[in-house]
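Undergrad: This one is final_29.pdb, PDB, C-alpha atoms.
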ATOM      1  CA  MET A  10       8.728  17.155  13.315
ATOM      2  CA  SER A  11       5.988  16.989  10.748
ATOM      3  CA  ASP A  12       3.530  19.758   9.990
ATOM      4  CA  GLU A  13       0.678  19.591  12.483
ATOM      5  CA  SER A  14      -2.235  19.636  10.040
ATOM      6  CA  GLU A  15      -0.645  17.112   7.694
ATOM      7  CA  GLY A  16       0.487  14.915  10.583
ATOM      8  CA  GLY A  17      -2.941  15.024  12.206
ATOM      9  CA  GLY A  18      -4.709  14.077   8.968
ATOM     10  CA  GLU A  19      -2.267  11.266   8.223
ATOM     11  CA  SER A  20      -2.534   9.964  11.797
ATOM     12  CA  THR A  21      -6.333  10.012  11.591
ATOM     13  CA  LEU A  22      -6.264   8.040   8.330
ATOM     14  CA  THR A  23      -3.876   5.512   9.857
ATOM     15  CA  VAL A  24      -6.065   5.070  12.951
ATOM     16  CA  VAL A  25      -9.399   4.874  11.092
ATOM     17  CA  LEU A  26      -8.029   2.342   8.608
ATOM     18  CA  ALA A  27      -6.601   0.219  11.416
ATOM     19  CA  GLY A  28      -9.863   0.388  13.367
ATOM     20  CA  GLY A  29     -12.015  -0.735  10.453
ATOM     21  CA  VAL A  30      -9.647  -3.574   9.615
ATOM     22  CA  ASN A  31      -9.443  -4.772  13.233
ATOM     23  CA  LEU A  32     -13.220  -4.774  13.688
ATOM     24  CA  ALA A  33     -13.729  -6.911  10.575
ATOM     25  CA  ILE A  34     -10.946  -9.275  11.609
ATOM     26  CA  ALA A  35     -12.278  -9.602  15.167
ATOM     27  CA  ILE A  36     -15.646 -10.813  13.861
ATOM     28  CA  LEU A  37     -14.014 -13.293  11.480
ATOM     29  CA  LYS A  38     -11.736 -14.673  14.198
ATOM     30  CA  LEU A  39     -14.548 -15.016  16.706
ATOM     31  CA  VAL A  40     -16.683 -16.989  14.271
ATOM     32  CA  ALA A  41     -13.708 -19.162  13.311
ATOM     33  CA  GLY A  42     -12.804 -19.713  16.961
ATOM     34  CA  ILE A  43     -16.299 -20.897  17.793
ATOM     35  CA  ILE A  44     -16.398 -23.224  14.775
ATOM     36  CA  THR A  45     -12.919 -24.707  15.241
ATOM     37  CA  GLY A  46     -12.800 -24.705  19.031
ATOM     38  CA  SER A  47      -9.283 -23.257  18.828
ATOM     39  CA  GLY A  48      -8.063 -21.399  21.905
ATOM     40  CA  ALA A  49      -5.428 -19.637  19.834
ATOM     41  CA  MET A  50      -8.091 -18.398  17.438
ATOM     42  CA  LEU A  51     -10.226 -17.116  20.329
ATOM     43  CA  SER A  52      -7.140 -15.399  21.730
ATOM     44  CA  GLU A  53      -6.595 -13.759  18.368
ATOM     45  CA  ALA A  54     -10.232 -12.626  18.390
ATOM     46  CA  ALA A  55      -9.617 -10.987  21.783
ATOM     47  CA  HIS A  56      -6.446  -9.495  20.324
ATOM     48  CA  SER A  57      -8.400  -7.867  17.501
ATOM     49  CA  VAL A  58     -11.099  -6.638  19.884
ATOM     50  CA  ALA A  59      -8.376  -5.010  21.980
ATOM     51  CA  ASP A  60      -6.912  -3.427  18.844
ATOM     52  CA  THR A  61     -10.333  -2.084  17.846
ATOM     53  CA  ILE A  62     -10.789  -0.511  21.286
ATOM     54  CA  THR A  63      -7.301   0.912  20.930
ATOM     55  CA  GLU A  64      -8.195   2.631  17.653
ATOM     56  CA  VAL A  65     -11.291   4.191  19.244
ATOM     57  CA  LEU A  66      -9.127   5.539  22.068
ATOM     58  CA  LEU A  67      -6.521   6.834  19.608
ATOM     59  CA  LEU A  68      -9.193   8.576  17.541
ATOM     60  CA  THR A  69     -10.461  10.181  20.747
ATOM     61  CA  ALA A  70      -6.887  11.254  21.493
ATOM     62  CA  LEU A  71      -6.472  12.873  18.085
ATOM     63  CA  LYS A  72      -9.744  14.816  18.275
ATOM     64  CA  ARG A  73      -9.519  15.989  21.894
ATOM     65  CA  SER A  74      -5.887  17.080  21.618
ATOM     66  CA  GLU A  75      -6.764  19.487  18.779
ATOM     67  CA  ARG A  76      -8.873  21.749  20.999
ATOM     68  CA  PRO A  77      -7.468  25.299  21.356
ATOM     69  CA  ALA A  78      -6.115  26.674  24.608
ATOM     70  CA  ASP A  79      -8.596  28.243  27.009
ATOM     71  CA  ARG A  80      -8.697  29.766  30.495
ATOM     72  CA  ARG A  81      -8.574  26.418  32.320
ATOM     73  CA  HIS A  82      -5.869  24.998  30.046
ATOM     74  CA  PRO A  83      -3.739  27.947  28.892
ATOM     75  CA  PHE A  84      -1.147  25.637  27.305
ATOM     76  CA  GLY A  85      -3.780  23.764  25.302
ATOM     77  CA  TYR A  86      -4.906  20.146  25.283
ATOM     78  CA  GLY A  87      -1.969  18.583  23.462
ATOM     79  CA  LYS A  88      -1.199  16.128  26.263
ATOM     80  CA  GLU A  89      -4.671  14.587  25.920
ATOM     81  CA  ARG A  90      -3.138  12.635  23.040
ATOM     82  CA  TYR A  91      -0.687  11.038  25.452
ATOM     83  CA  PHE A  92      -3.347  10.286  28.083
ATOM     84  CA  TRP A  93      -5.715   8.484  25.709
ATOM     85  CA  SER A  94      -2.808   6.690  24.080
ATOM     86  CA  LEU A  95      -1.765   5.452  27.522
ATOM     87  CA  LEU A  96      -5.290   4.097  28.004
ATOM     88  CA  ALA A  97      -4.931   2.381  24.626
ATOM     89  CA  ALA A  98      -1.829   0.586  25.912
ATOM     90  CA  VAL A  99      -3.756  -0.493  29.016
ATOM     91  CA  SER A 100      -6.550  -1.750  26.753
ATOM     92  CA  ILE A 101      -4.125  -3.920  24.797
ATOM     93  CA  PHE A 102      -3.010  -5.559  28.036
ATOM     94  CA  ALA A 103      -6.401  -5.847  29.748
ATOM     95  CA  SER A 104      -8.512  -6.880  26.760
ATOM     96  CA  GLY A 105      -5.955  -8.842  24.782
ATOM     97  CA  ALA A 106      -3.030 -10.131  26.832
ATOM     98  CA  VAL A 107      -4.984 -11.192  29.910
ATOM     99  CA  PHE A 108      -7.623 -13.085  27.911
ATOM    100  CA  ALA A 109      -4.998 -14.766  25.713
ATOM    101  CA  LEU A 110      -2.989 -15.893  28.754
ATOM    102  CA  TYR A 111      -6.132 -17.175  30.471
ATOM    103  CA  GLU A 112      -7.242 -19.054  27.374
ATOM    104  CA  GLY A 113      -3.749 -20.491  26.894
ATOM    105  CA  PHE A 114      -3.289 -21.778  30.450
ATOM    106  CA  THR A 115      -6.852 -23.146  30.477
ATOM    107  CA  THR A 116      -6.150 -25.070  27.275
ATOM    108  CA  VAL A 117      -2.766 -26.403  28.425
ATOM    109  CA  PHE A 118      -3.793 -27.466  31.926
ATOM    110  CA  GLY A 119      -7.505 -28.099  31.404
ATOM    111  CA  GLU A 120      -9.392 -30.866  29.697
ATOM    112  CA  GLY A 121      -8.556 -31.476  26.057
ATOM    113  CA  ALA A 122     -10.831 -30.029  23.410
ATOM    114  CA  GLU A 123     -11.449 -31.570  20.025
ATOM    115  CA  GLN A 124     -10.513 -29.487  17.013
ATOM    116  CA  THR A 125     -13.130 -29.221  14.285
ATOM    117  CA  LYS A 126     -12.883 -27.841  10.756
ATOM    118  CA  PRO A 127      -9.347 -26.410  11.027
ATOM    119  CA  ILE A 128      -9.599 -25.348   7.381
ATOM    120  CA  VAL A 129     -11.946 -22.554   8.515
ATOM    121  CA  GLY A 130      -9.235 -21.296  10.844
ATOM    122  CA  TYR A 131      -6.628 -21.360   8.105
ATOM    123  CA  ILE A 132      -8.839 -19.381   5.734
ATOM    124  CA  VAL A 133      -9.699 -16.751   8.343
ATOM    125  CA  LEU A 134      -6.072 -16.387   9.384
ATOM    126  CA  ALA A 135      -5.014 -15.924   5.760
ATOM    127  CA  LEU A 136      -7.688 -13.258   5.194
ATOM    128  CA  ALA A 137      -6.763 -11.557   8.457
ATOM    129  CA  PHE A 138      -3.088 -11.530   7.466
ATOM    130  CA  VAL A 139      -3.912  -9.779   4.186
ATOM    131  CA  LEU A 140      -6.125  -7.182   5.900
ATOM    132  CA  GLU A 141      -3.640  -6.556   8.710
ATOM    133  CA  SER A 142      -0.897  -6.105   6.119
ATOM    134  CA  VAL A 143      -2.864  -3.226   4.567
ATOM    135  CA  SER A 144      -3.129  -1.434   7.924
ATOM    136  CA  TRP A 145       0.496  -2.221   8.783
ATOM    137  CA  ALA A 146       1.697  -0.874   5.427
ATOM    138  CA  GLN A 147      -0.135   2.429   6.038
ATOM    139  CA  ALA A 148       1.476   2.780   9.486
ATOM    140  CA  VAL A 149       4.932   1.996   8.074
ATOM    141  CA  ARG A 150       4.361   4.454   5.225
ATOM    142  CA  GLN A 151       3.502   7.267   7.637
ATOM    143  CA  VAL A 152       6.400   6.617  10.003
ATOM    144  CA  ARG A 153       8.847   6.256   7.107
ATOM    145  CA  ARG A 154       7.648   9.480   5.502
ATOM    146  CA  ASP A 155       7.879  11.410   8.773
ATOM    147  CA  ALA A 156      11.309   9.928   9.526
ATOM    148  CA  LYS A 157      12.516  11.062   6.110
ATOM    149  CA  ALA A 158      11.158  14.552   6.737
ATOM    150  CA  GLU A 159      13.071  14.604  10.033
ATOM    151  CA  GLN A 160      16.175  13.194   8.311
ATOM    152  CA  ARG A 161      16.373  10.386  10.847
ATOM    153  CA  PRO A 162      16.735   6.628  10.485
ATOM    154  CA  PHE A 163      13.443   4.744  10.792
ATOM    155  CA  PHE A 164      14.052   3.222  14.237
ATOM    156  CA  ALA A 165      15.740   6.336  15.639
ATOM    157  CA  TYR A 166      12.656   8.325  14.671
ATOM    158  CA  LEU A 167      10.404   5.782  16.407
ATOM    159  CA  ARG A 168      12.315   6.361  19.641
ATOM    160  CA  MET A 169      11.954  10.151  19.388
ATOM    161  CA  ILE A 170       8.432  10.409  17.952
ATOM    162  CA  ASP A 171       6.068  12.739  19.832
ATOM    163  CA  ASP A 172       2.888  11.521  18.103
ATOM    164  CA  PRO A 173       1.927   8.194  19.746
ATOM    165  CA  ALA A 174      -0.846   7.350  17.242
ATOM    166  CA  PRO A 175       1.233   6.006  14.310
ATOM    167  CA  LYS A 176       3.660   4.294  16.696
ATOM    168  CA  THR A 177       0.791   2.549  18.495
ATOM    169  CA  VAL A 178      -0.796   1.392  15.245
ATOM    170  CA  LEU A 179       2.560   0.200  13.912
ATOM    171  CA  PHE A 180       3.353  -1.779  17.067
ATOM    172  CA  GLU A 181      -0.084  -3.348  17.405
ATOM    173  CA  ASP A 182      -0.265  -4.250  13.710
ATOM    174  CA  SER A 183       3.211  -5.787  13.869
ATOM    175  CA  ALA A 184       2.111  -7.771  16.926
ATOM    176  CA  ALA A 185      -1.065  -8.771  15.070
ATOM    177  CA  LEU A 186       0.906 -10.208  12.151
ATOM    178  CA  VAL A 187       3.164 -12.172  14.494
ATOM    179  CA  GLY A 188       0.110 -13.319  16.465
ATOM    180  CA  LEU A 189      -1.530 -14.625  13.305
ATOM    181  CA  LEU A 190       1.548 -16.709  12.552
ATOM    182  CA  LEU A 191       1.499 -18.080  16.115
ATOM    183  CA  ALA A 192      -2.186 -18.944  15.832
ATOM    184  CA  PHE A 193      -1.573 -20.634  12.481
ATOM    185  CA  ALA A 194       1.230 -22.695  14.035
ATOM    186  CA  GLY A 195      -0.950 -23.606  17.011
ATOM    187  CA  ILE A 196      -3.837 -24.824  14.868
ATOM    188  CA  GLY A 197      -1.494 -26.668  12.504
ATOM    189  CA  LEU A 198       0.397 -28.477  15.266
ATOM    190  CA  HIS A 199      -2.896 -29.345  16.965
ATOM    191  CA  GLN A 200      -4.124 -30.889  13.730
ATOM    192  CA  LEU A 201      -0.859 -32.784  13.135
ATOM    193  CA  THR A 202      -0.372 -34.123  16.676
ATOM    194  CA  GLY A 203      -3.941 -34.307  17.929
ATOM    195  CA  SER A 204      -2.830 -32.463  21.095
ATOM    196  CA  ASP A 205      -4.405 -29.151  22.000
ATOM    197  CA  VAL A 206      -1.349 -28.278  24.111
ATOM    198  CA  TRP A 207       0.147 -26.617  21.038
ATOM    199  CA  ASP A 208      -2.967 -24.512  20.684
ATOM    200  CA  GLY A 209      -2.624 -23.441  24.310
ATOM    201  CA  ILE A 210       1.078 -22.644  23.936
ATOM    202  CA  ALA A 211       0.265 -20.456  20.950
ATOM    203  CA  SER A 212      -2.311 -18.584  23.061
ATOM    204  CA  ILE A 213       0.227 -18.048  25.846
ATOM    205  CA  LEU A 214       2.797 -16.705  23.388
ATOM    206  CA  ILE A 215       0.179 -14.347  21.938
ATOM    207  CA  GLY A 216      -0.565 -13.110  25.458
ATOM    208  CA  VAL A 217       3.115 -12.533  26.217
ATOM    209  CA  LEU A 218       3.518 -10.709  22.897
ATOM    210  CA  LEU A 219       0.606  -8.387  23.675
ATOM    211  CA  ALA A 220       1.875  -7.755  27.205
ATOM    212  CA  CYS A 221       5.272  -6.708  25.794
ATOM    213  CA  VAL A 222       3.668  -4.368  23.255
ATOM    214  CA  ALA A 223       1.443  -2.855  25.966
ATOM    215  CA  TYR A 224       4.487  -2.262  28.186
ATOM    216  CA  LEU A 225       6.489  -0.578  25.412
ATOM    217  CA  LEU A 226       3.623   1.719  24.444
ATOM    218  CA  GLY A 227       2.753   2.446  28.067
ATOM    219  CA  SER A 228       6.357   3.374  28.810
ATOM    220  CA  THR A 229       6.482   5.730  25.818
ATOM    221  CA  ASN A 230       3.291   7.553  26.779
ATOM    222  CA  ARG A 231       4.253   7.693  30.452
ATOM    223  CA  GLY A 232       7.418   9.571  29.515
ATOM    224  CA  LEU A 233       5.460  11.999  27.318
ATOM    225  CA  LEU A 234       2.851  12.602  30.028
ATOM    226  CA  VAL A 235       5.450  13.236  32.714
ATOM    227  CA  GLY A 236       7.057  15.829  30.466
ATOM    228  CA  ARG A 237       9.835  14.823  28.109
ATOM    229  CA  GLN A 238      12.521  17.125  26.787
ATOM    230  CA  ALA A 239      12.177  18.243  23.186
ATOM    231  CA  ASP A 240      14.215  16.713  20.371
ATOM    232  CA  PRO A 241      17.928  17.189  21.219
ATOM    233  CA  ARG A 242      18.518  18.730  17.794
ATOM    234  CA  LEU A 243      15.848  21.337  18.523
ATOM    235  CA  VAL A 244      17.347  22.003  21.960
ATOM    236  CA  ARG A 245      20.785  22.532  20.436
ATOM    237  CA  GLY A 246      19.331  24.886  17.818
ATOM    238  CA  ILE A 247      17.578  26.970  20.497
ATOM    239  CA  ARG A 248      20.735  27.032  22.618
ATOM    240  CA  ASP A 249      22.900  28.192  19.725
ATOM    241  CA  HIS A 250      20.388  30.845  18.660
ATOM    242  CA  LEU A 251      20.166  32.341  22.147
ATOM    243  CA  GLY A 252      23.893  32.033  22.683
ATOM    244  CA  ALA A 253      24.557  34.059  19.525
ATOM    245  CA  ALA A 254      22.311  36.962  20.559
ATOM    246  CA  PRO A 255      24.421  40.118  21.082
ATOM    247  CA  GLU A 256      22.449  41.123  24.180
ATOM    248  CA  ILE A 257      23.215  37.851  26.010
ATOM    249  CA  ASP A 258      26.437  37.288  27.931
ATOM    250  CA  ALA A 259      25.611  33.707  28.959
ATOM    251  CA  LEU A 260      22.848  31.150  28.623
ATOM    252  CA  VAL A 261      22.546  29.993  32.238
ATOM    253  CA  ASP A 262      19.760  27.425  31.953
ATOM    254  CA  LEU A 263      17.580  26.036  29.166
ATOM    255  CA  GLN A 264      14.567  23.820  29.772
ATOM    256  CA  THR A 265      12.192  22.424  27.151
ATOM    257  CA  MET A 266       9.141  20.213  27.405
ATOM    258  CA  LEU A 267       6.781  18.590  24.910
ATOM    259  CA  MET A 268       3.305  20.008  25.514
ATOM    260  CA  GLY A 269       1.784  17.896  22.744
ATOM    261  CA  THR A 270       2.543  16.773  19.222
ATOM    262  CA  ASP A 271       4.546  19.564  17.548
ATOM    263  CA  HIS A 272       4.154  21.837  20.599
ATOM    264  CA  VAL A 273       7.258  22.692  22.625
ATOM    265  CA  LEU A 274       7.548  24.883  25.717
ATOM    266  CA  VAL A 275      10.871  26.738  26.091
ATOM    267  CA  CYS A 276      12.079  28.238  29.359
ATOM    268  CA  ALA A 277      15.447  30.028  29.211
ATOM    269  CA  ARG A 278      17.384  31.745  31.995
ATOM    270  CA  VAL A 279      19.935  34.103  30.538
ATOM    271  CA  ASP A 280      22.491  36.586  31.823
ATOM    272  CA  PHE A 281      21.981  39.759  29.776
ATOM    273  CA  ASP A 282      24.583  42.420  29.145
ATOM    274  CA  ASP A 283      24.574  44.639  32.248
ATOM    275  CA  ALA A 284      24.770  47.729  30.052
ATOM    276  CA  LEU A 285      21.246  47.141  28.716
ATOM    277  CA  ARG A 286      18.471  49.450  29.878
ATOM    278  CA  ALA A 287      15.242  47.941  31.178
ATOM    279  CA  ALA A 288      13.419  48.842  27.961
ATOM    280  CA  ASP A 289      16.171  47.291  25.826
ATOM    281  CA  LEU A 290      15.971  44.090  27.860
ATOM    282  CA  GLU A 291      12.204  43.909  27.411
ATOM    283  CA  TYR A 292      12.448  44.376  23.649
ATOM    284  CA  ALA A 293      15.220  41.793  23.470
ATOM    285  CA  CYS A 294      13.062  39.184  25.250
ATOM    286  CA  VAL A 295      10.151  39.800  22.869
ATOM    287  CA  ARG A 296      12.400  39.732  19.797
ATOM    288  CA  LEU A 297      14.158  36.525  20.809
ATOM    289  CA  ALA A 298      10.869  34.785  21.570
ATOM    290  CA  ASN A 299       9.514  35.726  18.148
ATOM    291  CA  GLU A 300      12.724  34.617  16.434
ATOM    292  CA  LEU A 301      12.602  31.211  18.121
ATOM    293  CA  SER A 302       8.955  30.680  17.115
ATOM    294  CA  GLU A 303       9.690  31.683  13.513
ATOM    295  CA  ARG A 304      12.849  29.616  13.161
ATOM    296  CA  PHE A 305      11.500  26.553  14.964
ATOM    297  CA  PRO A 306       7.783  26.009  14.118
ATOM    298  CA  ASP A 307       7.356  23.480  16.946
ATOM    299  CA  VAL A 308       8.155  26.138  19.561
ATOM    300  CA  SER A 309       4.770  27.380  20.754
ATOM    301  CA  GLU A 310       5.616  29.062  24.083
ATOM    302  CA  VAL A 311       8.810  30.898  25.092
ATOM    303  CA  PHE A 312       9.699  32.265  28.520
ATOM    304  CA  ILE A 313      12.965  34.172  28.986
ATOM    305  CA  GLU A 314      14.070  35.057  32.504
ATOM    306  CA  PRO A 315      16.975  37.456  33.157
ATOM    307  CA  VAL A 316      19.263  36.059  35.871
ATOM    308  CA  PRO A 317      22.839  36.576  37.097
ATOM    309  CA  ARG A 318      25.075  33.677  36.120
ATOM    310  CA  THR A 319      27.059  34.050  39.342
ATOM    311  CA  ASP A 320      24.138  33.188  41.624
ATOM    312  CA  PRO A 321      25.355  30.125  43.611
ATOM    313  CA  GLN A 322      21.921  28.600  44.192
ATOM    314  CA  LEU A 323      20.965  28.774  40.516
ATOM    315  CA  ARG A 324      24.359  27.397  39.499
ATOM    316  CA  ALA A 325      23.926  24.474  41.907
ATOM    317  CA  THR A 326      20.473  23.757  40.451
ATOM    318  CA  VAL A 327      21.820  23.655  36.887
ATOM    319  CA  LEU A 328      24.771  21.477  37.881
ATOM    320  CA  ALA A 329      22.471  19.066  39.730
ATOM    321  CA  ARG A 330      20.260  18.695  36.660
ATOM    322  CA  TYR A 331      22.828  18.499  33.868
ATOM    323  CA  GLY A 332      26.216  18.119  35.544
ATOM    324  CA  LEU A 333      27.553  20.953  33.386
ATOM    325  CA  PRO A 334      28.341  24.580  34.190
ATOM    326  CA  PRO A 335      26.411  27.336  32.351
ATOM    327  CA  ARG A 336      27.674  27.854  28.816
ATOM    328  CA  PRO A 337      29.126  31.356  28.300
ATOM    329  CA  ASN A 338      28.423  33.278  25.130
ATOM    330  CA  GLN A 339      31.293  32.886  22.725
TER     331      GLN A 339
END
Kindly return the structure encoded in the file as structure tokens.
TA:
Amino acid sequence: MSDESEGGGESTLTVVLAGGVNLAIAILKLVAGIITGSGAMLSEAAHSVADTITEVLLLTALKRSERPADRRHPFGYGKERYFWSLLAAVSIFASGAVFALYEGFTTVFGEGAEQTKPIVGYIVLALAFVLESVSWAQAVRQVRRDAKAEQRPFFAYLRMIDDPAPKTVLFEDSAALVGLLLAFAGIGLHQLTGSDVWDGIASILIGVLLACVAYLLGSTNRGLLVGRQADPRLVRGIRDHLGAAPEIDALVDLQTMLMGTDHVLVCARVDFDDALRAADLEYACVRLANELSERFPDVSEVFIEPVPRTDPQLRATVLARYGLPPRPNQ
């Protein structure tokens, strides 16, 4: 995972740039929609409004999640980023998809509307495409850079990312570019055929596109809020490090959870060498926790619990969760 300070600054730049671009585009689309009478253009205006609201929510997520831990929240506020990002996904659906679907069905099944000055729509869509491309390029640049730092393929990194901000901006900007092409097609076919049905179909497709994006982002943030396991590579590294400790006979259970971007909670149940004294066991727990935090910067909290590996209830719990017996120390 990326360094927290660098990742936070890059994410903030990505979100602020996207927000400014979307606000400007929303105004342009709204004016063009009123002038041309295009339902697809009005749907795109709603799309950009939803994106602007999304950026505000993401900026809130970035700022609130940076607060330090306190008495009421001893593990910090890292998950605030996931909560506000989930609201951003809801905003995309409520403010963008619903309006676009309504506008599309109203245009298709309602009374026909005359299209005026389609050239205005074409110009605004072209300008919007250029501006959206700038924001999209910044989001791609950040994700690509972070994926390279993680030594992962681009799309594999997107699936594992624990910072929802760049992923949200990338998805919504990609949807925005596709939506602009749909709106352009709707206005063009309306002009060529004289039928506003094409305009309505374009609005419906924009609504479906936004609904799909909202679902994907909502699903990602739901998993992070519920408590997702850390990166499998990190889990394997922690397992191997604990398994190699001379004081440990067996790693009985290992649980990890993302507590925020670049913050991982580690809970390990281990069977220590029975020859250890109580003081030796205490020092071993402290040493191992420090070693994990030093070797893996994302590990922010470590809890090590001494347990007997032969306990039948604990063994049943581990088997029920993973389907594998505890791994003995080699």
Undergrad: To one decimal in Å, tell me the separation between CA of Val222 (chain A) and CA of Ala184 (chain A).
TA: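 Computing it gives 7.4 Å between the two atoms.
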Undergrad: For Gly28 (chain A), which residue among A:Ile213, A:Ala41, A:Val65, A:Val117 is the nearest when counting all atoms listed in the file?
TA: A:Val65
Undergrad: Near Cys276 (chain A), within 7 Å and counting all atoms listed in the file, which residues show up once chain neighbours fewer than 4 positions away are dropped, as a list in words?
TA: Leu263, Gln264, Thr265, Val311, Phe312 and Ile313 of chain A
Undergrad: Just say which residues the PyMOL selection byres ((chain A and resi 91) around 8) picks in this file, as an MDAnalysis selection string.
TA: chainID A and resid 70 87:90 92:95 173 230:231 233:234 269
Undergrad: Filtering to C-alpha atoms, could you give me those residues as a compact mmCIF listing (two decimals), in the frame of the given file?
TA:
# COMPACT_ATOMS: atom_id res chain seq x y z
CA ALA A 70 -6.89 11.25 21.49
CA GLY A 87 -1.97 18.58 23.46
CA LYS A 88 -1.20 16.13 26.26
CA GLU A 89 -4.67 14.59 25.92
CA ARG A 90 -3.14 12.64 23.04
CA PHE A 92 -3.35 10.29 28.08
CA TRP A 93 -5.72 8.48 25.71
CA SER A 94 -2.81 6.69 24.08
CA LEU A 95 -1.76 5.45 27.52
CA PRO A 173 1.93 8.19 19.75
CA ASN A 230 3.29 7.55 26.78
CA ARG A 231 4.25 7.69 30.45
CA LEU A 233 5.46 12.00 27.32
CA LEU A 234 2.85 12.60 30.03
CA GLY A 269 1.78 17.90 22.74
Undergrad: Please measure the separation of CA of Gly209 (chain A) and CA of Ser144 (chain A), giving the value in Å to one decimal.
TA: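 Calculated distance between CA of Gly209 (chain A) and CA of Ser144 (chain A) is 27.4 Å.
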Undergrad: Using only C-alpha atoms, collect all residues at a distance of at most 12 Å from (12.5, 30.3, 26.5) as written in the file, then present them as a PyMOL selection string.
TA: chain A and resi 244+247-248+250-251+260-266+273-279+294-302+308-315
Undergrad: Go ahead and find all residues with at least one atom no further than 12 Å from (-12.2, -10.4, 8.4) in the file's coordinates, using only C-alpha atoms; report them as a list of chain:residue names.
TA: A:Gly29, A:Val30, A:Asn31, A:Leu32, A:Ala33, A:Ile34, A:Ala35, A:Ile36, A:Leu37, A:Lys38, A:Leu39, A:Val40, A:Ala41, A:Glu53, A:Ala54, A:Ser57, A:Gly130, A:Ile132, A:Val133, A:Leu134, A:Ala135, A:Leu136, A:Ala137, A:Phe138, A:Val139, A:Leu140, A:Glu141
Undergrad: Pick the closest to Tyr224 (chain A) from A:Ala185, A:Val143, A:Ala239, A:Ala103: which is it, counting only C-alpha atoms?
TA: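 Comparing A:Ala185, A:Val143, A:Ala239, A:Ala103 against Tyr224 (chain A), the winner is A:Ala103.
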Undergrad: For the file shown, report as a PDB file with C-alpha atoms, keeping the file's coordinate frame the outcome of the PyMOL selection byres ((chain A and resi 170-172) around 10) at residue level.
TA:
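Listing of part22.pdb after writing:
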ATOM      1  CA  MET A  10       8.728  17.155  13.315  1.00  0.00           C
ATOM      2  CA  SER A  11       5.988  16.989  10.748  1.00  0.00           C
ATOM      3  CA  GLY A  16       0.487  14.915  10.583  1.00  0.00           C
ATOM      4  CA  GLY A  17      -2.941  15.024  12.206  1.00  0.00           C
ATOM      5  CA  SER A  20      -2.534   9.964  11.797  1.00  0.00           C
ATOM      6  CA  LEU A  71      -6.472  12.873  18.085  1.00  0.00           C
ATOM      7  CA  ARG A  90      -3.138  12.635  23.040  1.00  0.00           C
ATOM      8  CA  TYR A  91      -0.687  11.038  25.452  1.00  0.00           C
ATOM      9  CA  SER A  94      -2.808   6.690  24.080  1.00  0.00           C
ATOM     10  CA  VAL A 152       6.400   6.617  10.003  1.00  0.00           C
ATOM     11  CA  ASP A 155       7.879  11.410   8.773  1.00  0.00           C
ATOM     12  CA  ALA A 156      11.309   9.928   9.526  1.00  0.00           C
ATOM     13  CA  PHE A 164      14.052   3.222  14.237  1.00  0.00           C
ATOM     14  CA  ALA A 165      15.740   6.336  15.639  1.00  0.00           C
ATOM     15  CA  TYR A 166      12.656   8.325  14.671  1.00  0.00           C
ATOM     16  CA  LEU A 167      10.404   5.782  16.407  1.00  0.00           C
ATOM     17  CA  ARG A 168      12.315   6.361  19.641  1.00  0.00           C
ATOM     18  CA  MET A 169      11.954  10.151  19.388  1.00  0.00           C
ATOM     19  CA  PRO A 173       1.927   8.194  19.746  1.00  0.00           C
ATOM     20  CA  ALA A 174      -0.846   7.350  17.242  1.00  0.00           C
ATOM     21  CA  PRO A 175       1.233   6.006  14.310  1.00  0.00           C
ATOM     22  CA  LYS A 176       3.660   4.294  16.696  1.00  0.00           C
ATOM     23  CA  THR A 177       0.791   2.549  18.495  1.00  0.00           C
ATOM     24  CA  THR A 229       6.482   5.730  25.818  1.00  0.00           C
ATOM     25  CA  ASN A 230       3.291   7.553  26.779  1.00  0.00           C
ATOM     26  CA  LEU A 233       5.460  11.999  27.318  1.00  0.00           C
ATOM     27  CA  ARG A 237       9.835  14.823  28.109  1.00  0.00           C
ATOM     28  CA  ALA A 239      12.177  18.243  23.186  1.00  0.00           C
ATOM     29  CA  ASP A 240      14.215  16.713  20.371  1.00  0.00           C
ATOM     30  CA  LEU A 267       6.781  18.590  24.910  1.00  0.00           C
ATOM     31  CA  MET A 268       3.305  20.008  25.514  1.00  0.00           C
ATOM     32  CA  GLY A 269       1.784  17.896  22.744  1.00  0.00           C
ATOM     33  CA  THR A 270       2.543  16.773  19.222  1.00  0.00           C
ATOM     34  CA  ASP A 271       4.546  19.564  17.548  1.00  0.00           C
ATOM     35  CA  HIS A 272       4.154  21.837  20.599  1.00  0.00           C
TER      36      HIS A 272
END
Undergrad: Which residue out of A:Tyr131, A:Phe102, A:Phe84, A:Phe114 has the minimum interatomic distance to Ser212 (chain A) when only C-alpha atoms are used?
TA: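 Nearest candidate to Ser212 (chain A) out of A:Tyr131, A:Phe102, A:Phe84, A:Phe114: A:Phe114.
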Undergrad: Please define a box with edges along x, y and z of the file around all atoms of region 260-273 of chain A given in the file, extend it by 6 Å on each side, and return its centre and edge lengths in Å to one decimal, as AutoDock Vina command-line options.
TA:
--center_x 12.3 --center_y 24.0 --center_z 24.9 --size_x 33.1 --size_y 26.4 --size_z 26.7
Undergrad: Give as a ChimeraX atom specification the residues that the PyMOL selection byres ((chain A and resi 221) around 12) matches when applied to the coordinates above.
TA: /A:98-99,101-102,105-107,180-181,184,214-220,222-228
Undergrad: From the set A:Gly119, A:Pro127, A:Pro317, A:Gly85, which residue has the shortest atom-to-atom contact distance to Ala194 (chain A), counting all atoms listed in the file?
TA: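 So, comparing all the options, the nearest one is A:Pro127.
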Undergrad: I'd like the interatomic distance between CA of Thr45 (chain A) and CA of Ala146 (chain A), to a tenth of an Å.
TA: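 Going from CA of Thr45 (chain A) over to CA of Ala146 (chain A) covers 29.6 Å.
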